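These notes are about the structure you will find just below.
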Amino acid sequence: MARSFQKLTRRAIRALAPGQKVTEGGITAEKLADGDVRYTVNIMVDGQRIHRVVGLASHDTTRTQAEDFISDTRANAKAGRLSLPKGRKTHLTFRQAADDYIDGLEATDGKNLVAKRRQLKLYLKPFFGDQRLDAITTFTVDRYKKRRTDAGATNGTINRELATLSHLFGKAVEWKWLQSIPCKVSKLEEAEGRIIALSDDQVEALINAAVADEEPDCWLFVAFGFNTAMRHSEMLRARFDQIDFEHNRLFLPKAKAGQRVQPLTPELVAILRHEREMRDDQDGWIFPSPRPNASLTGHRYRMDKPFRRAVIAAGLDPNVVTPHVMRHTAITRLVQAGVDLPTIQKISGHKTLTMVLRYTHVHGDHIDRAISAIGTTVPEPDENKTAGTTTQELHIIPSGRK
């Protein structure tokens with residue numbers, strides 16, 4: 001049934017003087033200086049303001065077309081509501097989704113909460129704001145990248161923020177807020193990060209600080225890191241019943257590159273054997289959660305805070321020395337010891353040898369020892385010799401001869 005207008009009538013529109021306008025029902029008709037009439041629409045649909053220029057009367061635009069635009073917009077919004085995940089009646093804005101995302105991660109021992117809160121509060125929420133979560137497009141994400149690049153953020157920093165955005169999308173689907181991920185979030189190219197490895201003195205200082213820390217498992221975490229080159233999450237998911245004490249091996253059913261068997265040093269095996277004897281649960285988690293009732297898995301998810309305290313107590317920079325630096329240090333030691341790269345790959349769990357090659361630093365005693373293997377002494381030329389020294393006298397093999 002057609003709408004009955006009281007103010008926005010055809011007679012009222014024809015009577016407008018240049019510069020005058022009349023508005024009703026979200027539609028505005030404005031008489032322009034040249035006598036033409038411009039129709040615009042300004043309405044709220046599902047909490048989102050829609051402001052559009054429909055067209056000019058000289059282009060055969062009428063009030064009816066403005067009415068049709070409003071009708072179609074509301075019909076599309078209704079169709080969108082019908083496709084909402086079960087249990088939702090309205091579309092979720094990014095701002096609300098971000099808050100619910102943090103709440104959800106806190107309830108499930110999510111990772112990197114401090115960084116994610118900061119990224120969302122300072123950058124992602126101010127940009128995406130009240131946009132519908134399911135309506136975010138690749139174009140919108142690309143605009144975000146440009147905004148952050150223009151503000152002086154590095155590609156690496158922006159990529160960390162994009163990782164949080166992508167993780168939020170994934171959790172929104174997993175938690176039934178969305179039916180599907182709204183768009184692909186592609187990363188920016190960035191230079192390879194530098195590999196930071198600790199010296200022997202720094203390793204010793206960090207171990208001593210971890211032993212003295214108030215967290216009872218901090219020392220064991222540090223011992224694990226330097227003795228295995230394992231990743232942070234892999235260490236915390238380890239169990240006593242996955243250790244083969246006879247062969248110094250640890251089975252990892254869930255690792256970054258798939259399940260694998262992790263070699264252990266004899267020193268760490270001795271530590272774990274002694275630690276197991278003192279535990280009530282001798283087959284359970286090596287790093288049990290301090291809040292077992294609040295953890296879905298029963299093991300710790302992060303050891304950042306106690307590790308950071310130990311780093312500071314050791315006189316090191318906590319912004320540089322993270323748990324991953326223990327992995328870098330252990331792998332670098334293997335390289336410096338002359339261990340072949342495929343063997344290092346077996347220990348480190350890297351998926352490809354290319355990743356291991358990053359640890360073959362140009363500087364180091366092992367490089368000096370290796371280059372000495374091709375050292376060749378060349379006698380100084382006899383000052384009495386003339387400039388016409390022959391190839392044979394210098395013992396140089398001409399090109400093409402063997």
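If you're wondering about the labels, chains in the structure tokens are A, B, ... by order shown, residues count from 1 in each chain, ligands from 1 in order shown.
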
Please provide as a PyMOL selection string all residues within 10 Å of Thr297 in chain A, with the sequence filter that same-chain residues fewer than 6 positions apart are discarded (counting only C-alpha atoms). chain A and resi 108-109+237+285+288-289

Selection from above, C-alpha atoms, as a PDB file, in the first residue's frame, can you write it?
ATOM      1  CA  THR A 108      38.865 -19.820  27.794  1.00  0.00           C
ATOM      2  CA  ASP A 109      42.424 -18.828  28.780  1.00  0.00           C
ATOM      3  CA  ARG A 237      50.981 -28.902  26.415  1.00  0.00           C
ATOM      4  CA  TRP A 285      50.435 -32.247  32.669  1.00  0.00           C
ATOM      5  CA  PRO A 288      49.216 -27.944  35.191  1.00  0.00           C
ATOM      6  CA  SER A 289      46.917 -24.935  35.311  1.00  0.00           C
TER       7      SER A 289
END

Rows by chain and residue number, range 223-334 of chain A within 6 Å of range 207-217 of chain A, shortest pair, only C-alpha atoms, as a Markdown table:
| residue | atom | partner | partner_atom | distance |
| --- | --- | --- | --- | --- |
| A:Ala310 | CA | A:Ala209 | CA | 5.0 |
| A:Ala313 | CA | A:Ala209 | CA | 5.8 |
| A:Ala314 | CA | A:Ala209 | CA | 5.6 |

Only N, CA and C atoms, please: the residues just picked out, written as a PDB file, in the first residue's frame.
ATOM      1  N   ALA A 310      61.452 -12.918  35.500  1.00  0.00           N
ATOM      2  CA  ALA A 310      62.783 -13.526  35.535  1.00  0.00           C
ATOM      3  C   ALA A 310      63.744 -12.788  34.603  1.00  0.00           C
ATOM      4  N   ALA A 313      64.752  -9.631  36.341  1.00  0.00           N
ATOM      5  CA  ALA A 313      65.652  -9.946  37.448  1.00  0.00           C
ATOM      6  C   ALA A 313      67.043 -10.331  36.951  1.00  0.00           C
ATOM      7  N   ALA A 314      67.110 -10.867  35.731  1.00  0.00           N
ATOM      8  CA  ALA A 314      68.404 -11.250  35.152  1.00  0.00           C
ATOM      9  C   ALA A 314      69.119 -10.073  34.505  1.00  0.00           C
TER      10      ALA A 314
END

With a distance cut-off of 9 Å and only C-alpha atoms, select the neighbouring residues of range 7-12 of chain A, excluding the residue or stretch itself and same-chain residues fewer than 4 positions from it, and output the selection as a VMD selection string. chain A and resid 16 22 to 25 27 to 29 63

Near-range 185-196 of chain A list (7 Å; only C-alpha atoms; drop same-chain fewer than 3 positions) as number ranges by chain: A: 138, 155-156, 159, 162, 166, 325, 328

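Near Glu275 in chain A, within a cut-off of 12 Å and counting only C-alpha atoms, sit the residues Pro216, Asp217, Trp219, Leu220, Phe240, Leu268, Val269, Ala270, Asp280, Asp281, Gln282, Asp283, Gly284, Trp285, Ile286 and Phe287 of chain A, with same-chain residues fewer than 5 positions away left out.
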
Export C-alpha atoms of the chosen residues as a PDB file, in the first residue's frame?
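Output file result_23.pdb follows:
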ATOM      1  CA  PRO A 216      57.170 -22.531  41.198  1.00  0.00           C
ATOM      2  CA  ASP A 217      57.131 -23.704  37.555  1.00  0.00           C
ATOM      3  CA  TRP A 219      62.499 -22.600  36.440  1.00  0.00           C
ATOM      4  CA  LEU A 220      61.130 -25.759  34.813  1.00  0.00           C
ATOM      5  CA  PHE A 240      54.570 -36.907  31.719  1.00  0.00           C
ATOM      6  CA  LEU A 268      66.240 -32.344  31.051  1.00  0.00           C
ATOM      7  CA  VAL A 269      65.216 -36.006  31.319  1.00  0.00           C
ATOM      8  CA  ALA A 270      66.914 -36.209  34.728  1.00  0.00           C
ATOM      9  CA  ASP A 280      50.659 -36.464  42.830  1.00  0.00           C
ATOM     10  CA  ASP A 281      49.661 -36.949  39.187  1.00  0.00           C
ATOM     11  CA  GLN A 282      52.679 -38.682  37.659  1.00  0.00           C
ATOM     12  CA  ASP A 283      51.015 -39.134  34.268  1.00  0.00           C
ATOM     13  CA  GLY A 284      49.451 -35.684  33.867  1.00  0.00           C
ATOM     14  CA  TRP A 285      50.435 -32.247  32.669  1.00  0.00           C
ATOM     15  CA  ILE A 286      53.996 -31.131  33.286  1.00  0.00           C
ATOM     16  CA  PHE A 287      52.671 -27.564  33.582  1.00  0.00           C
TER      17      PHE A 287
END

Residues flagged helix (DSSP H, G or I) by DSSP in range 298-371 of chain A, as a PyMOL selection string: chain A and resi 304-313+323-336+341-348+353-357+365-371

Same residues, N, CA and C atoms, saved as a compact mmCIF listing (two decimals), in the first residue's frame:
# COMPACT_ATOMS: atom_id res chain seq x y z
N ASP A 304 54.01 -16.05 30.29
CA ASP A 304 54.61 -14.76 29.98
C ASP A 304 54.99 -13.95 31.22
N LYS A 305 54.06 -13.85 32.16
CA LYS A 305 54.29 -12.96 33.31
C LYS A 305 55.47 -13.42 34.17
N PRO A 306 55.51 -14.68 34.63
CA PRO A 306 56.67 -15.09 35.42
C PRO A 306 57.97 -15.04 34.61
N PHE A 307 57.91 -15.37 33.32
CA PHE A 307 59.11 -15.30 32.50
C PHE A 307 59.61 -13.87 32.40
N ARG A 308 58.70 -12.93 32.25
CA ARG A 308 59.08 -11.52 32.16
C ARG A 308 59.75 -11.07 33.45
N ARG A 309 59.23 -11.50 34.61
CA ARG A 309 59.84 -11.15 35.88
C ARG A 309 61.27 -11.68 35.96
N ALA A 310 61.45 -12.92 35.50
CA ALA A 310 62.78 -13.53 35.54
C ALA A 310 63.74 -12.79 34.60
N VAL A 311 63.25 -12.38 33.45
CA VAL A 311 64.09 -11.64 32.50
C VAL A 311 64.57 -10.33 33.12
N ILE A 312 63.65 -9.62 33.76
CA ILE A 312 64.00 -8.35 34.41
C ILE A 312 65.00 -8.58 35.54
N ALA A 313 64.75 -9.63 36.34
CA ALA A 313 65.65 -9.95 37.45
C ALA A 313 67.04 -10.33 36.95
N PRO A 323 59.82 -15.57 25.62
CA PRO A 323 60.03 -17.02 25.67
C PRO A 323 60.57 -17.61 24.37
N HIS A 324 60.25 -17.00 23.23
CA HIS A 324 60.71 -17.54 21.95
C HIS A 324 62.22 -17.38 21.78
N VAL A 325 62.81 -16.45 22.53
CA VAL A 325 64.26 -16.26 22.44
C VAL A 325 64.99 -17.50 22.96
N MET A 326 64.38 -18.24 23.88
CA MET A 326 65.01 -19.49 24.34
C MET A 326 65.11 -20.47 23.17
N ARG A 327 64.11 -20.51 22.33
CA ARG A 327 64.13 -21.38 21.15
C ARG A 327 65.23 -20.92 20.19
N HIS A 328 65.29 -19.60 19.94
CA HIS A 328 66.35 -19.08 19.07
C HIS A 328 67.73 -19.44 19.62
N THR A 329 67.89 -19.29 20.93
CA THR A 329 69.19 -19.55 21.55
C THR A 329 69.60 -21.01 21.41
N ALA A 330 68.67 -21.91 21.68
CA ALA A 330 68.96 -23.35 21.61
C ALA A 330 69.34 -23.76 20.18
N ILE A 331 68.57 -23.27 19.19
CA ILE A 331 68.86 -23.63 17.80
C ILE A 331 70.19 -23.04 17.36
N THR A 332 70.46 -21.81 17.76
CA THR A 332 71.74 -21.18 17.42
C THR A 332 72.91 -21.97 18.00
N ARG A 333 72.75 -22.50 19.20
CA ARG A 333 73.81 -23.31 19.81
C ARG A 333 74.05 -24.58 19.00
N LEU A 334 72.98 -25.17 18.49
CA LEU A 334 73.14 -26.37 17.66
C LEU A 334 73.93 -26.05 16.38
N VAL A 335 73.59 -24.91 15.76
CA VAL A 335 74.31 -24.50 14.55
C VAL A 335 75.78 -24.26 14.87
N GLN A 336 76.06 -23.57 15.97
CA GLN A 336 77.44 -23.26 16.34
C GLN A 336 78.23 -24.51 16.71
N LEU A 341 72.05 -29.42 9.32
CA LEU A 341 70.74 -28.77 9.32
C LEU A 341 69.55 -29.73 9.37
N PRO A 342 69.57 -30.89 8.65
CA PRO A 342 68.43 -31.81 8.77
C PRO A 342 68.25 -32.32 10.20
N THR A 343 69.35 -32.52 10.92
CA THR A 343 69.24 -32.97 12.31
C THR A 343 68.66 -31.87 13.17
N ILE A 344 69.09 -30.63 12.93
CA ILE A 344 68.53 -29.51 13.67
C ILE A 344 67.03 -29.40 13.41
N GLN A 345 66.63 -29.64 12.17
CA GLN A 345 65.21 -29.59 11.83
C GLN A 345 64.41 -30.63 12.62
N LYS A 346 64.99 -31.81 12.81
CA LYS A 346 64.32 -32.85 13.59
C LYS A 346 64.13 -32.41 15.04
N ILE A 347 65.10 -31.67 15.56
CA ILE A 347 65.02 -31.22 16.95
C ILE A 347 64.08 -30.03 17.09
N SER A 348 64.19 -29.08 16.16
CA SER A 348 63.43 -27.83 16.29
C SER A 348 61.97 -27.97 15.85
N LEU A 353 63.55 -26.78 5.74
CA LEU A 353 64.95 -26.44 6.01
C LEU A 353 65.20 -24.94 5.80
N THR A 354 64.37 -24.30 4.98
CA THR A 354 64.54 -22.88 4.74
C THR A 354 64.46 -22.09 6.04
N MET A 355 63.55 -22.51 6.92
CA MET A 355 63.42 -21.82 8.20
C MET A 355 64.65 -22.03 9.07
N VAL A 356 65.24 -23.22 9.00
CA VAL A 356 66.43 -23.51 9.80
C VAL A 356 67.61 -22.69 9.29
N LEU A 357 67.66 -22.47 7.98
CA LEU A 357 68.77 -21.72 7.40
C LEU A 357 68.89 -20.31 7.97
N ASP A 365 81.90 -17.97 16.28
CA ASP A 365 83.13 -18.77 16.28
C ASP A 365 83.04 -19.94 15.31
N HIS A 366 81.83 -20.51 15.16
CA HIS A 366 81.70 -21.67 14.26
C HIS A 366 81.97 -21.27 12.81
N ILE A 367 81.64 -20.04 12.45
CA ILE A 367 81.94 -19.56 11.10
C ILE A 367 83.45 -19.41 10.93
N ASP A 368 84.10 -18.88 11.96
CA ASP A 368 85.55 -18.71 11.90
C ASP A 368 86.26 -20.05 11.78
N ARG A 369 85.77 -21.06 12.52
CA ARG A 369 86.38 -22.39 12.45
C ARG A 369 86.15 -23.01 11.08
N ALA A 370 84.97 -22.79 10.52
CA ALA A 370 84.65 -23.39 9.22
C ALA A 370 85.48 -22.76 8.10
N ILE A 371 85.60 -21.44 8.11
CA ILE A 371 86.34 -20.79 7.03
C ILE A 371 87.82 -21.15 7.07

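Of the residues under consideration (A:Leu178, A:Phe169, A:His59, A:Arg148), A:Leu178 shows the shortest atom-to-atom contact distance to Leu92 in chain A when counting only C-alpha atoms.
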